[in-house]
file final.pdb (PDB, C-alpha atoms and all ligand atoms)
ATOM      1  CA  MET A  21       0.000   0.000   0.000
ATOM      2  CA  VAL A  22       1.215   3.462  -0.848
ATOM      3  CA  LYS A  23       1.154   5.670   2.212
ATOM      4  CA  LYS A  24       0.808   9.358   1.576
ATOM      5  CA  ILE A  25       3.917  10.954   2.934
ATOM      6  CA  GLU A  26       5.498  14.268   2.113
ATOM      7  CA  LEU A  27       8.392  13.781  -0.285
ATOM      8  CA  ASN A  28      11.249  16.230  -0.411
ATOM      9  CA  LYS A  29      12.458  17.682  -3.670
ATOM     10  CA  ARG A  30      15.210  15.132  -4.167
ATOM     11  CA  GLN A  31      12.846  12.250  -3.505
ATOM     12  CA  GLU A  32      10.391  13.685  -6.049
ATOM     13  CA  THR A  33      13.210  13.850  -8.573
ATOM     14  CA  ILE A  34      14.274  10.273  -7.881
ATOM     15  CA  LEU A  35      10.684   9.125  -8.265
ATOM     16  CA  GLN A  36      10.468  10.861 -11.633
ATOM     17  CA  ILE A  37      13.757   9.325 -12.791
ATOM     18  CA  VAL A  38      12.556   5.843 -11.871
ATOM     19  CA  LYS A  39       9.156   6.443 -13.516
ATOM     20  CA  ASP A  40      10.883   7.468 -16.733
ATOM     21  CA  ASN A  41      13.762   5.001 -16.731
ATOM     22  CA  GLY A  42      12.862   2.099 -14.456
ATOM     23  CA  PRO A  43      13.891  -0.526 -13.809
ATOM     24  CA  ILE A  44      17.077   1.320 -12.975
ATOM     25  CA  THR A  45      19.908   0.594 -10.544
ATOM     26  CA  GLY A  46      20.713   2.841  -7.582
ATOM     27  CA  GLU A  47      24.060   3.492  -9.211
ATOM     28  CA  HIS A  48      22.447   4.862 -12.370
ATOM     29  CA  ILE A  49      20.050   7.048 -10.415
ATOM     30  CA  ALA A  50      23.033   8.478  -8.519
ATOM     31  CA  GLU A  51      24.850   9.131 -11.797
ATOM     32  CA  LYS A  52      21.902  11.073 -13.193
ATOM     33  CA  LEU A  53      21.843  13.278 -10.088
ATOM     34  CA  ASN A  54      25.604  13.676  -9.859
ATOM     35  CA  LEU A  55      25.493  12.268  -6.363
ATOM     36  CA  THR A  56      27.011   9.219  -4.762
ATOM     37  CA  ARG A  57      25.071   6.020  -4.230
ATOM     38  CA  ALA A  58      25.612   6.403  -0.462
ATOM     39  CA  THR A  59      24.009   9.864  -0.405
ATOM     40  CA  LEU A  60      20.929   8.497  -2.088
ATOM     41  CA  ARG A  61      20.541   5.464   0.119
ATOM     42  CA  PRO A  62      18.234   7.090   2.750
ATOM     43  CA  ASP A  63      16.003   8.581   0.030
ATOM     44  CA  LEU A  64      15.713   5.257  -1.773
ATOM     45  CA  ALA A  65      14.940   3.552   1.536
ATOM     46  CA  ILE A  66      12.125   6.018   2.256
ATOM     47  CA  LEU A  67      10.664   5.711  -1.235
ATOM     48  CA  THR A  68      10.787   1.922  -0.987
ATOM     49  CA  MET A  69       9.309   1.738   2.513
ATOM     50  CA  ALA A  70       6.523   4.110   1.559
ATOM     51  CA  GLY A  71       5.647   1.829  -1.351
ATOM     52  CA  TYR A  72       6.440   4.253  -4.172
ATOM     53  CA  LEU A  73       9.337   2.170  -5.383
ATOM     54  CA  ASP A  74      10.216  -1.463  -5.243
ATOM     55  CA  ALA A  75      13.554  -3.095  -5.835
ATOM     56  CA  ARG A  76      14.532  -6.404  -7.337
ATOM     57  CA  PRO A  77      17.967  -7.971  -7.219
ATOM     58  CA  ARG A  78      19.825  -7.613 -10.526
ATOM     59  CA  VAL A  79      16.971  -5.525 -11.984
ATOM     60  CA  GLY A  80      17.001  -2.413  -9.853
ATOM     61  CA  TYR A  81      14.352   0.024  -8.728
ATOM     62  CA  PHE A  82      10.992   0.317 -10.414
ATOM     63  CA  TYR A  83       7.942   2.452  -9.903
ATOM     64  CA  THR A  84       5.336   0.174  -8.364
ATOM     65  CA  GLY A  85       2.306   1.792  -9.984
ATOM     66  CA  LYS A  86       3.596   1.312 -13.464
ATOM     67  CA  SER A  87       5.632  -1.802 -13.195
ATOM     68  CA  SER A  88       3.335  -4.399 -11.684
ATOM     69  CA  ALA A  89       1.712  -4.878 -15.089
ATOM     70  CA  GLN A  90       5.119  -4.976 -16.722
ATOM     71  CA  LEU A  91       6.318  -7.511 -14.172
ATOM     72  CA  LEU A  92       3.295  -9.688 -14.765
ATOM     73  CA  THR A  93       4.046  -9.689 -18.477
ATOM     74  CA  GLU A  94       7.650 -10.492 -17.657
ATOM     75  CA  SER A  95       6.561 -13.433 -15.523
ATOM     76  CA  LEU A  96       4.175 -14.726 -18.183
ATOM     77  CA  LYS A  97       7.027 -14.798 -20.654
ATOM     78  CA  ASN A  98       8.835 -17.159 -18.314
ATOM     79  CA  ILE A  99       6.201 -19.842 -17.902
ATOM     80  CA  PHE A 100       6.522 -22.710 -20.335
ATOM     81  CA  VAL A 101       4.354 -25.694 -21.211
ATOM     82  CA  LYS A 102       6.916 -28.045 -19.619
ATOM     83  CA  ASP A 103       6.457 -26.304 -16.249
ATOM     84  CA  TYR A 104       2.751 -27.130 -16.072
ATOM     85  CA  GLN A 105       1.989 -30.016 -18.456
ATOM     86  CA  SER A 106       0.306 -33.098 -16.993
ATOM     87  CA  MET A 107      -0.019 -36.745 -18.018
ATOM     88  CA  PRO A 108      -2.030 -37.358 -21.187
ATOM     89  CA  VAL A 109      -4.694 -40.046 -21.440
ATOM     90  CA  VAL A 110      -4.023 -41.999 -24.608
ATOM     91  CA  VAL A 111      -6.080 -44.718 -26.315
ATOM     92  CA  ASN A 112      -5.586 -46.813 -29.440
ATOM     93  CA  GLU A 113      -7.622 -45.887 -32.516
ATOM     94  CA  ASN A 114      -9.151 -49.365 -32.710
ATOM     95  CA  ILE A 115     -10.825 -49.383 -29.312
ATOM     96  CA  SER A 116     -14.605 -49.050 -29.240
ATOM     97  CA  VAL A 117     -16.562 -45.980 -28.252
ATOM     98  CA  TYR A 118     -17.865 -48.059 -25.345
ATOM     99  CA  ASP A 119     -14.320 -48.670 -24.049
ATOM    100  CA  ALA A 120     -13.433 -45.012 -24.588
ATOM    101  CA  ILE A 121     -16.378 -44.013 -22.398
ATOM    102  CA  VAL A 122     -15.191 -46.416 -19.693
ATOM    103  CA  THR A 123     -11.717 -44.848 -19.962
ATOM    104  CA  VAL A 124     -13.145 -41.353 -19.480
ATOM    105  CA  PHE A 125     -14.822 -42.556 -16.273
ATOM    106  CA  LEU A 126     -11.585 -44.103 -15.002
ATOM    107  CA  GLU A 127      -9.275 -41.320 -16.105
ATOM    108  CA  ASP A 128     -10.198 -37.758 -16.836
ATOM    109  CA  GLY A 129     -11.038 -35.402 -19.672
ATOM    110  CA  THR A 130     -10.208 -35.516 -23.356
ATOM    111  CA  LEU A 131      -8.637 -38.669 -24.821
ATOM    112  CA  PHE A 132      -5.824 -38.575 -27.353
ATOM    113  CA  VAL A 133      -6.005 -41.299 -29.956
ATOM    114  CA  VAL A 134      -2.855 -42.962 -31.298
ATOM    115  CA  ASP A 135      -2.093 -45.544 -33.989
ATOM    116  CA  GLU A 136      -0.132 -48.785 -33.599
ATOM    117  CA  ASN A 137       3.135 -46.784 -33.662
ATOM    118  CA  LEU A 138       1.866 -44.610 -30.794
ATOM    119  CA  LEU A 139       1.634 -41.593 -33.095
ATOM    120  CA  LEU A 140      -1.172 -39.080 -32.621
ATOM    121  CA  VAL A 141      -4.097 -39.571 -35.020
ATOM    122  CA  GLY A 142      -7.087 -38.092 -33.206
ATOM    123  CA  VAL A 143      -8.796 -36.386 -30.289
ATOM    124  CA  LEU A 144     -11.940 -37.501 -28.483
ATOM    125  CA  SER A 145     -13.741 -35.064 -26.232
ATOM    126  CA  ARG A 146     -16.434 -36.009 -23.767
ATOM    127  CA  LYS A 147     -19.073 -34.466 -26.008
ATOM    128  CA  ASP A 148     -17.787 -36.460 -29.006
ATOM    129  CA  LEU A 149     -18.509 -39.601 -26.973
ATOM    130  CA  LEU A 150     -21.829 -38.282 -25.719
ATOM    131  CA  ARG A 151     -22.887 -37.460 -29.269
ATOM    132  CA  ALA A 152     -22.057 -40.993 -30.444
ATOM    133  CA  SER A 153     -23.982 -42.494 -27.527
ATOM    134  CA  ILE A 154     -27.247 -40.771 -28.291
ATOM    135  CA  GLY A 155     -27.187 -42.168 -31.825
ATOM    136  CA  LYS A 156     -28.501 -45.611 -32.644
ATOM    137  CA  GLN A 157     -25.087 -47.249 -33.080
ATOM    138  CA  GLU A 158     -23.838 -50.268 -31.199
ATOM    139  CA  LEU A 159     -21.159 -48.607 -29.047
ATOM    140  CA  SER A 160     -19.072 -51.707 -28.403
ATOM    141  CA  SER A 161     -18.517 -52.351 -32.108
ATOM    142  CA  LEU A 162     -18.035 -48.719 -33.170
ATOM    143  CA  PRO A 163     -14.299 -47.848 -33.312
ATOM    144  CA  VAL A 164     -13.327 -44.434 -32.000
ATOM    145  CA  ASN A 165     -11.544 -43.497 -35.222
ATOM    146  CA  ILE A 166     -14.959 -43.085 -36.878
ATOM    147  CA  ILE A 167     -16.029 -40.306 -34.538
ATOM    148  CA  MET A 168     -12.796 -38.619 -33.414
ATOM    149  CA  THR A 169     -11.440 -35.273 -34.594
ATOM    150  CA  ARG A 170      -8.518 -36.296 -36.740
ATOM    151  CA  MET A 171      -5.201 -35.117 -38.068
ATOM    152  CA  PRO A 172      -4.350 -32.630 -39.543
ATOM    153  CA  ASN A 173      -7.048 -30.741 -37.635
ATOM    154  CA  ILE A 174      -5.521 -31.236 -34.219
ATOM    155  CA  THR A 175      -4.241 -28.258 -32.264
ATOM    156  CA  MET A 176      -0.968 -29.279 -30.638
ATOM    157  CA  CYS A 177       1.816 -27.653 -28.655
ATOM    158  CA  LYS A 178       5.444 -28.334 -27.742
ATOM    159  CA  LYS A 179       7.015 -28.461 -24.290
ATOM    160  CA  ASP A 180       9.051 -25.301 -24.944
ATOM    161  CA  ASP A 181       6.058 -23.199 -26.026
ATOM    162  CA  LEU A 182       4.961 -20.360 -23.765
ATOM    163  CA  LEU A 183       2.011 -21.356 -21.600
ATOM    164  CA  ILE A 184       0.273 -18.060 -22.357
ATOM    165  CA  ASP A 185       0.284 -18.881 -26.097
ATOM    166  CA  VAL A 186      -1.297 -22.270 -25.421
ATOM    167  CA  ALA A 187      -3.914 -20.618 -23.197
ATOM    168  CA  LYS A 188      -4.756 -18.322 -26.123
ATOM    169  CA  LYS A 189      -5.184 -21.358 -28.394
ATOM    170  CA  LEU A 190      -7.568 -22.997 -25.896
ATOM    171  CA  ILE A 191      -9.730 -19.889 -26.031
ATOM    172  CA  GLU A 192      -9.429 -19.228 -29.751
ATOM    173  CA  LYS A 193     -10.295 -22.837 -30.729
ATOM    174  CA  GLN A 194     -12.855 -23.249 -27.925
ATOM    175  CA  ILE A 195     -11.357 -26.517 -26.714
ATOM    176  CA  ASP A 196     -10.497 -27.869 -23.266
ATOM    177  CA  SER A 197      -7.269 -29.686 -23.913
ATOM    178  CA  ILE A 198      -4.169 -29.578 -26.114
ATOM    179  CA  PRO A 199      -1.701 -32.436 -26.505
ATOM    180  CA  VAL A 200       1.976 -31.728 -25.889
ATOM    181  CA  VAL A 201       3.792 -33.476 -28.713
ATOM    182  CA  LYS A 202       7.272 -34.347 -29.839
ATOM    183  CA  GLU A 203       7.908 -34.621 -33.545
ATOM    184  CA  THR A 204       9.374 -37.969 -34.585
ATOM    185  CA  THR A 205      11.862 -38.692 -37.361
ATOM    186  CA  THR A 206       8.963 -40.130 -39.380
ATOM    187  CA  ASN A 207       7.098 -36.771 -39.355
ATOM    188  CA  GLY A 208       4.614 -38.081 -36.847
ATOM    189  CA  TYR A 209       3.816 -36.747 -33.391
ATOM    190  CA  GLU A 210       4.297 -38.592 -30.146
ATOM    191  CA  VAL A 211       2.061 -37.440 -27.272
ATOM    192  CA  ILE A 212       4.178 -36.624 -24.225
ATOM    193  CA  GLY A 213       1.742 -34.579 -22.158
ATOM    194  CA  ARG A 214      -1.291 -32.351 -22.154
ATOM    195  CA  ILE A 215      -2.312 -28.848 -21.237
ATOM    196  CA  THR A 216      -5.855 -28.473 -19.997
ATOM    197  CA  LYS A 217      -7.758 -25.566 -18.515
ATOM    198  CA  THR A 218      -6.836 -27.006 -15.100
ATOM    199  CA  ASN A 219      -3.119 -26.587 -15.823
ATOM    200  CA  ILE A 220      -3.726 -22.990 -16.867
ATOM    201  CA  THR A 221      -5.708 -22.369 -13.672
ATOM    202  CA  LYS A 222      -2.812 -23.760 -11.620
ATOM    203  CA  ALA A 223      -0.364 -21.415 -13.355
ATOM    204  CA  PHE A 224      -2.740 -18.504 -12.761
ATOM    205  CA  VAL A 225      -2.907 -19.246  -9.037
ATOM    206  CA  ALA A 226       0.882 -19.686  -8.829
ATOM    207  CA  LEU A 227       1.306 -16.256 -10.421
ATOM    208  CA  ALA A 228      -0.801 -14.702  -7.689
ATOM    209  CA  ASP A 229       1.406 -16.322  -5.046
ATOM    210  CA  GLU A 230       4.614 -15.277  -6.750
ATOM    211  CA  ASP A 231       6.504 -12.594  -4.903
ATOM    212  CA  LEU A 232       6.610  -9.882  -7.537
TER     213      LEU A 232
HETATM  214  P1  LIG B   1     -16.354 -30.936 -25.358
HETATM  215  O1  LIG B   1     -16.673 -31.368 -26.774
HETATM  216  O2  LIG B   1     -16.548 -32.052 -24.371
HETATM  217  O3  LIG B   1     -17.010 -29.655 -24.974
HETATM  218  P2  LIG B   1     -13.887 -29.678 -26.242
HETATM  219  O4  LIG B   1     -14.494 -28.301 -26.179
HETATM  220  O5  LIG B   1     -12.486 -29.837 -25.815
HETATM  221  O6  LIG B   1     -14.744 -30.666 -25.341
HETATM  222  O7  LIG B   1     -14.015 -30.223 -27.727
HETATM  223  C1  LIG B   1     -14.809 -29.621 -28.728
HETATM  224  C2  LIG B   1     -14.507 -30.292 -30.071
HETATM  225  O8  LIG B   1     -13.178 -29.989 -30.462
HETATM  226  C3  LIG B   1     -14.629 -31.806 -30.056
HETATM  227  O9  LIG B   1     -15.253 -32.250 -31.241
HETATM  228  C4  LIG B   1     -13.184 -32.296 -29.979
HETATM  229  O10 LIG B   1     -12.978 -33.511 -30.694
HETATM  230  C5  LIG B   1     -12.420 -31.163 -30.643
HETATM  231  N1  LIG B   1     -11.094 -30.961 -29.989
HETATM  232  C6  LIG B   1     -10.806 -31.012 -28.678
HETATM  233  N2  LIG B   1      -9.492 -30.785 -28.455
HETATM  234  C7  LIG B   1      -8.940 -30.577 -29.666
HETATM  235  C8  LIG B   1      -7.609 -30.286 -30.129
HETATM  236  N3  LIG B   1      -6.578 -30.166 -29.284
HETATM  237  N4  LIG B   1      -7.415 -30.139 -31.462
HETATM  238  C9  LIG B   1      -8.459 -30.241 -32.324
HETATM  239  N5  LIG B   1      -9.707 -30.524 -31.959
HETATM  240  C10 LIG B   1      -9.970 -30.682 -30.648
END
call {"tool": "encode", "arguments": {"input": "final.pdb", "output": "structure tokens"}}
result
Amino acid sequence: MVKKIELNKRQETILQIVKDNGPITGEHIAEKLNLTRATLRPDLAILTMAGYLDARPRVGYFYTGKSSAQLLTESLKNIFVKDYQSMPVVVNENISVYDAIVTVFLEDGTLFVVDENLLLVGVLSRKDLLRASIGKQELSSLPVNIIMTRMPNITMCKKDDLLIDVAKKLIEKQIDSIPVVKETTTNGYEVIGRITKTNITKAFVALADEDL
């Protein structure tokens, strides 16, 4: 919280320098004022304690009002898929819709469908399965590859992608889950993880707990 305290002229000047140039080191502020770092120390301490400025090791001083948004952006650019991905649920393309439904009950969420070489060929959401079940088909003899969303229409991501970019894809494509894949030498994709809305929620909560 910013407490309203009277700032002296030098403190006002420092505040303005940090607003214009932050993040900036104490050394650089001192240089701009033709003063020594030691002379400025009490002023910087007051500005920091009063909540006008904050300091970060190796980054320097920044104006709190302006920089929290900047810092959030900075943090978002440091969160990768590999930091939050979870275990995928994978089924073979020849299993029946009936067995896929049983798998959804045992596991959780969207199923990723793979061929005999374990390469990604499709995606099965809960509604895909629900839709098939209200039809007149025999579910235990209907293979999932008839009803799944198939390649090349699958939205995928890689472990080194930024989590924020994957979150944007979830929204843009209106889907709940994206497989994390690794390209194979045969131009196929192996499923090594998944990002769901739950993973994004976890990252969101962790951001709030992060000491900015
Ligand atoms: P639900 O259908 O249960 O609401 P989704 O919103 O995730 O779940 O899925 C909507 C549709 O998009 C489904 O037909 C599903 O097969 C397809 N889908 C889901 N995830 C992906 C993905 N990563 N890439 C392409 N299509 C997907």
call {"tool": "residues_near_ligand", "arguments": {"input": "final.pdb", "ligand": "ligand LIG 1 (chain B)", "cutoff": "10 Å", "atoms": "all atoms listed in the file", "output": "PyMOL selection string"}}
result
chain A and resi 129-132+142-151+167-177+189-191+193-200+214-217
call {"tool": "residues_around", "arguments": {"input": "final.pdb", "residues": "segment 96-106 of chain A", "least_positions_apart": "6", "cutoff": "7 Å", "atoms": "only C-alpha atoms", "output": "list in words"}}
result
Lys179, Asp180, Asp181, Leu182, Leu183, Ile184, Gly213, Arg214, Ile215 and Asn219 of chain A
call {"tool": "write_last_selection", "arguments": {"input": "final.pdb", "atoms": "C-alpha atoms", "output": "mmCIF file, in the frame of the given file"}}
result
data_model
loop_
_atom_site.group_PDB
_atom_site.id
_atom_site.type_symbol
_atom_site.label_atom_id
_atom_site.label_comp_id
_atom_site.auth_asym_id
_atom_site.auth_seq_id
_atom_site.Cartn_x
_atom_site.Cartn_y
_atom_site.Cartn_z
ATOM 1 C CA LYS A 179 7.015 -28.461 -24.290
ATOM 2 C CA ASP A 180 9.051 -25.301 -24.944
ATOM 3 C CA ASP A 181 6.058 -23.199 -26.026
ATOM 4 C CA LEU A 182 4.961 -20.360 -23.765
ATOM 5 C CA LEU A 183 2.011 -21.356 -21.600
ATOM 6 C CA ILE A 184 0.273 -18.060 -22.357
ATOM 7 C CA GLY A 213 1.742 -34.579 -22.158
ATOM 8 C CA ARG A 214 -1.291 -32.351 -22.154
ATOM 9 C CA ILE A 215 -2.312 -28.848 -21.237
ATOM 10 C CA ASN A 219 -3.119 -26.587 -15.823
#
call {"tool": "residues_around", "arguments": {"input": "final.pdb", "residues": "segment 110-115 of chain A", "least_positions_apart": "2", "cutoff": "7 Å", "atoms": "all atoms listed in the file", "output": "list in words"}}
result
Pro108, Val117, Asp119, Ala120, Leu131, Phe132, Val133, Val134, Asp135, Pro163, Val164 and Asn165 of chain A
call {"tool": "atom_distance", "arguments": {"input": "final.pdb", "atom1": "atom CA of Ala75 of chain A", "atom2": "atom CA of Ala223 of chain A"}}
result
24.2 Å
call {"tool": "residues_around", "arguments": {"input": "final.pdb", "residues": "Arg61 of chain A", "least_positions_apart": "5", "cutoff": "10 Å", "atoms": "all atoms listed in the file", "output": "PDB file with C-alpha atoms, keeping the file's coordinate frame"}}
result
ATOM      1  CA  GLY A  46      20.713   2.841  -7.582  1.00  0.00           C
ATOM      2  CA  ALA A  50      23.033   8.478  -8.519  1.00  0.00           C
ATOM      3  CA  THR A  56      27.011   9.219  -4.762  1.00  0.00           C
ATOM      4  CA  ILE A  66      12.125   6.018   2.256  1.00  0.00           C
ATOM      5  CA  LEU A  67      10.664   5.711  -1.235  1.00  0.00           C
TER       6      LEU A  67
END
call {"tool": "closest_residue", "arguments": {"input": "final.pdb", "among": "A:Ala228, A:Leu126, A:Leu140, A:Ile121", "to": "Leu162 of chain A", "atoms": "all atoms listed in the file"}}
result
A:Ile121
call {"tool": "atom_distance", "arguments": {"input": "final.pdb", "atom1": "atom CA of Asn54 of chain A", "atom2": "atom CA of Val79 of chain A"}}
result
21.2 Å
call {"tool": "atom_distance", "arguments": {"input": "final.pdb", "atom1": "atom CA of Lys222 of chain A", "atom2": "atom CA of Thr93 of chain A"}}
result
17.1 Å
call {"tool": "residues_near_point", "arguments": {"input": "final.pdb", "point": "(11.9, -3.1, -8.0)", "cutoff": "10 Å", "atoms": "all atoms listed in the file", "output": "ChimeraX atom specification"}}
result
/A:38,42-45,68,72-84,87-88,91,232
call {"tool": "resolve_selection", "arguments": {"input": "final.pdb", "expression": "the PyMOL selection byres (((chain A and resi 28) around 12) and not hetatm)", "output": "count of residues only"}}
result
15
call {"tool": "axis_aligned_box", "arguments": {"input": "final.pdb", "around": "segment 178-189 of chain A", "padding_each_side": "5 Å", "output": "lines of an AutoDock Vina configuration file"}}
result
center_x = 1.9
center_y = -23.3
center_z = -25.0
size_x = 24.2
size_y = 20.4
size_z = 16.8
call {"tool": "closest_residue", "arguments": {"input": "final.pdb", "among": "A:Ala70, A:Glu158, A:Val141, A:Ile212", "to": "Val109 of chain A", "atoms": "only C-alpha atoms"}}
result
A:Ile212
call {"tool": "decode", "arguments": {"input": "final.pdb", "residues": "segment 176-185 of chain A", "atoms": "all heavy atoms", "output": "PDB file, in the first residue's frame"}}
result
ATOM      1  N   MET A 176      -1.986 -28.653 -31.480  1.00  0.00           N
ATOM      2  CA  MET A 176      -0.968 -29.279 -30.638  1.00  0.00           C
ATOM      3  C   MET A 176      -0.043 -28.197 -30.071  1.00  0.00           C
ATOM      4  O   MET A 176      -0.081 -27.056 -30.520  1.00  0.00           O
ATOM      5  CB  MET A 176      -0.112 -30.231 -31.483  1.00  0.00           C
ATOM      6  CG  MET A 176      -0.923 -31.269 -32.224  1.00  0.00           C
ATOM      7  SD  MET A 176       0.103 -32.314 -33.286  1.00  0.00           S
ATOM      8  CE  MET A 176       0.465 -31.231 -34.642  1.00  0.00           C
ATOM      9  N   CYS A 177       0.788 -28.579 -29.116  1.00  0.00           N
ATOM     10  CA  CYS A 177       1.816 -27.653 -28.655  1.00  0.00           C
ATOM     11  C   CYS A 177       3.071 -28.434 -28.316  1.00  0.00           C
ATOM     12  O   CYS A 177       3.040 -29.663 -28.266  1.00  0.00           O
ATOM     13  CB  CYS A 177       1.320 -26.842 -27.467  1.00  0.00           C
ATOM     14  SG  CYS A 177       1.056 -27.805 -25.970  1.00  0.00           S
ATOM     15  N   LYS A 178       4.158 -27.712 -28.075  1.00  0.00           N
ATOM     16  CA  LYS A 178       5.444 -28.334 -27.742  1.00  0.00           C
ATOM     17  C   LYS A 178       5.823 -27.928 -26.319  1.00  0.00           C
ATOM     18  O   LYS A 178       5.380 -26.882 -25.840  1.00  0.00           O
ATOM     19  CB  LYS A 178       6.530 -27.845 -28.707  1.00  0.00           C
ATOM     20  CG  LYS A 178       6.225 -28.095 -30.184  1.00  0.00           C
ATOM     21  CD  LYS A 178       6.984 -29.322 -30.681  1.00  0.00           C
ATOM     22  CE  LYS A 178       6.575 -29.758 -32.065  1.00  0.00           C
ATOM     23  NZ  LYS A 178       7.118 -28.914 -33.115  1.00  0.00           N
ATOM     24  N   LYS A 179       6.685 -28.721 -25.698  1.00  0.00           N
ATOM     25  CA  LYS A 179       7.015 -28.461 -24.290  1.00  0.00           C
ATOM     26  C   LYS A 179       7.717 -27.115 -24.067  1.00  0.00           C
ATOM     27  O   LYS A 179       7.651 -26.542 -22.990  1.00  0.00           O
ATOM     28  CB  LYS A 179       7.820 -29.602 -23.685  1.00  0.00           C
ATOM     29  CG  LYS A 179       9.235 -29.774 -24.193  1.00  0.00           C
ATOM     30  CD  LYS A 179       9.887 -30.908 -23.420  1.00  0.00           C
ATOM     31  CE  LYS A 179      11.254 -31.323 -23.861  1.00  0.00           C
ATOM     32  NZ  LYS A 179      12.176 -30.374 -24.428  1.00  0.00           N
ATOM     33  N   ASP A 180       8.365 -26.588 -25.104  1.00  0.00           N
ATOM     34  CA  ASP A 180       9.051 -25.301 -24.944  1.00  0.00           C
ATOM     35  C   ASP A 180       8.206 -24.102 -25.373  1.00  0.00           C
ATOM     36  O   ASP A 180       8.702 -22.969 -25.382  1.00  0.00           O
ATOM     37  CB  ASP A 180      10.380 -25.317 -25.714  1.00  0.00           C
ATOM     38  CG  ASP A 180      11.369 -26.298 -25.092  1.00  0.00           C
ATOM     39  OD1 ASP A 180      11.423 -26.356 -23.845  1.00  0.00           O
ATOM     40  OD2 ASP A 180      12.049 -27.022 -25.842  1.00  0.00           O
ATOM     41  N   ASP A 181       6.949 -24.326 -25.702  1.00  0.00           N
ATOM     42  CA  ASP A 181       6.058 -23.199 -26.026  1.00  0.00           C
ATOM     43  C   ASP A 181       5.723 -22.428 -24.746  1.00  0.00           C
ATOM     44  O   ASP A 181       5.714 -22.999 -23.651  1.00  0.00           O
ATOM     45  CB  ASP A 181       4.733 -23.713 -26.629  1.00  0.00           C
ATOM     46  CG  ASP A 181       4.917 -24.252 -28.042  1.00  0.00           C
ATOM     47  OD1 ASP A 181       5.987 -24.023 -28.639  1.00  0.00           O
ATOM     48  OD2 ASP A 181       3.977 -24.899 -28.541  1.00  0.00           O
ATOM     49  N   LEU A 182       5.401 -21.147 -24.916  1.00  0.00           N
ATOM     50  CA  LEU A 182       4.961 -20.360 -23.765  1.00  0.00           C
ATOM     51  C   LEU A 182       3.546 -20.779 -23.377  1.00  0.00           C
ATOM     52  O   LEU A 182       2.682 -20.955 -24.247  1.00  0.00           O
ATOM     53  CB  LEU A 182       4.944 -18.876 -24.118  1.00  0.00           C
ATOM     54  CG  LEU A 182       6.275 -18.149 -24.136  1.00  0.00           C
ATOM     55  CD1 LEU A 182       6.071 -16.706 -24.600  1.00  0.00           C
ATOM     56  CD2 LEU A 182       6.926 -18.175 -22.752  1.00  0.00           C
ATOM     57  N   LEU A 183       3.331 -20.932 -22.068  1.00  0.00           N
ATOM     58  CA  LEU A 183       2.011 -21.356 -21.600  1.00  0.00           C
ATOM     59  C   LEU A 183       0.926 -20.348 -22.005  1.00  0.00           C
ATOM     60  O   LEU A 183      -0.191 -20.734 -22.343  1.00  0.00           O
ATOM     61  CB  LEU A 183       2.030 -21.544 -20.080  1.00  0.00           C
ATOM     62  CG  LEU A 183       0.846 -22.313 -19.516  1.00  0.00           C
ATOM     63  CD1 LEU A 183       0.812 -23.744 -20.020  1.00  0.00           C
ATOM     64  CD2 LEU A 183       0.857 -22.306 -17.998  1.00  0.00           C
ATOM     65  N   ILE A 184       1.264 -19.082 -22.010  1.00  0.00           N
ATOM     66  CA  ILE A 184       0.273 -18.060 -22.357  1.00  0.00           C
ATOM     67  C   ILE A 184      -0.212 -18.247 -23.805  1.00  0.00           C
ATOM     68  O   ILE A 184      -1.390 -18.051 -24.107  1.00  0.00           O
ATOM     69  CB  ILE A 184       0.822 -16.619 -22.107  1.00  0.00           C
ATOM     70  CG1 ILE A 184      -0.237 -15.545 -22.358  1.00  0.00           C
ATOM     71  CG2 ILE A 184       2.058 -16.322 -22.929  1.00  0.00           C
ATOM     72  CD1 ILE A 184      -1.329 -15.505 -21.343  1.00  0.00           C
ATOM     73  N   ASP A 185       0.677 -18.664 -24.708  1.00  0.00           N
ATOM     74  CA  ASP A 185       0.284 -18.881 -26.097  1.00  0.00           C
ATOM     75  C   ASP A 185      -0.659 -20.079 -26.222  1.00  0.00           C
ATOM     76  O   ASP A 185      -1.585 -20.078 -27.033  1.00  0.00           O
ATOM     77  CB  ASP A 185       1.524 -19.082 -26.986  1.00  0.00           C
ATOM     78  CG  ASP A 185       2.338 -17.799 -27.117  1.00  0.00           C
ATOM     79  OD1 ASP A 185       1.739 -16.714 -26.939  1.00  0.00           O
ATOM     80  OD2 ASP A 185       3.547 -17.878 -27.372  1.00  0.00           O
TER      81      ASP A 185
END
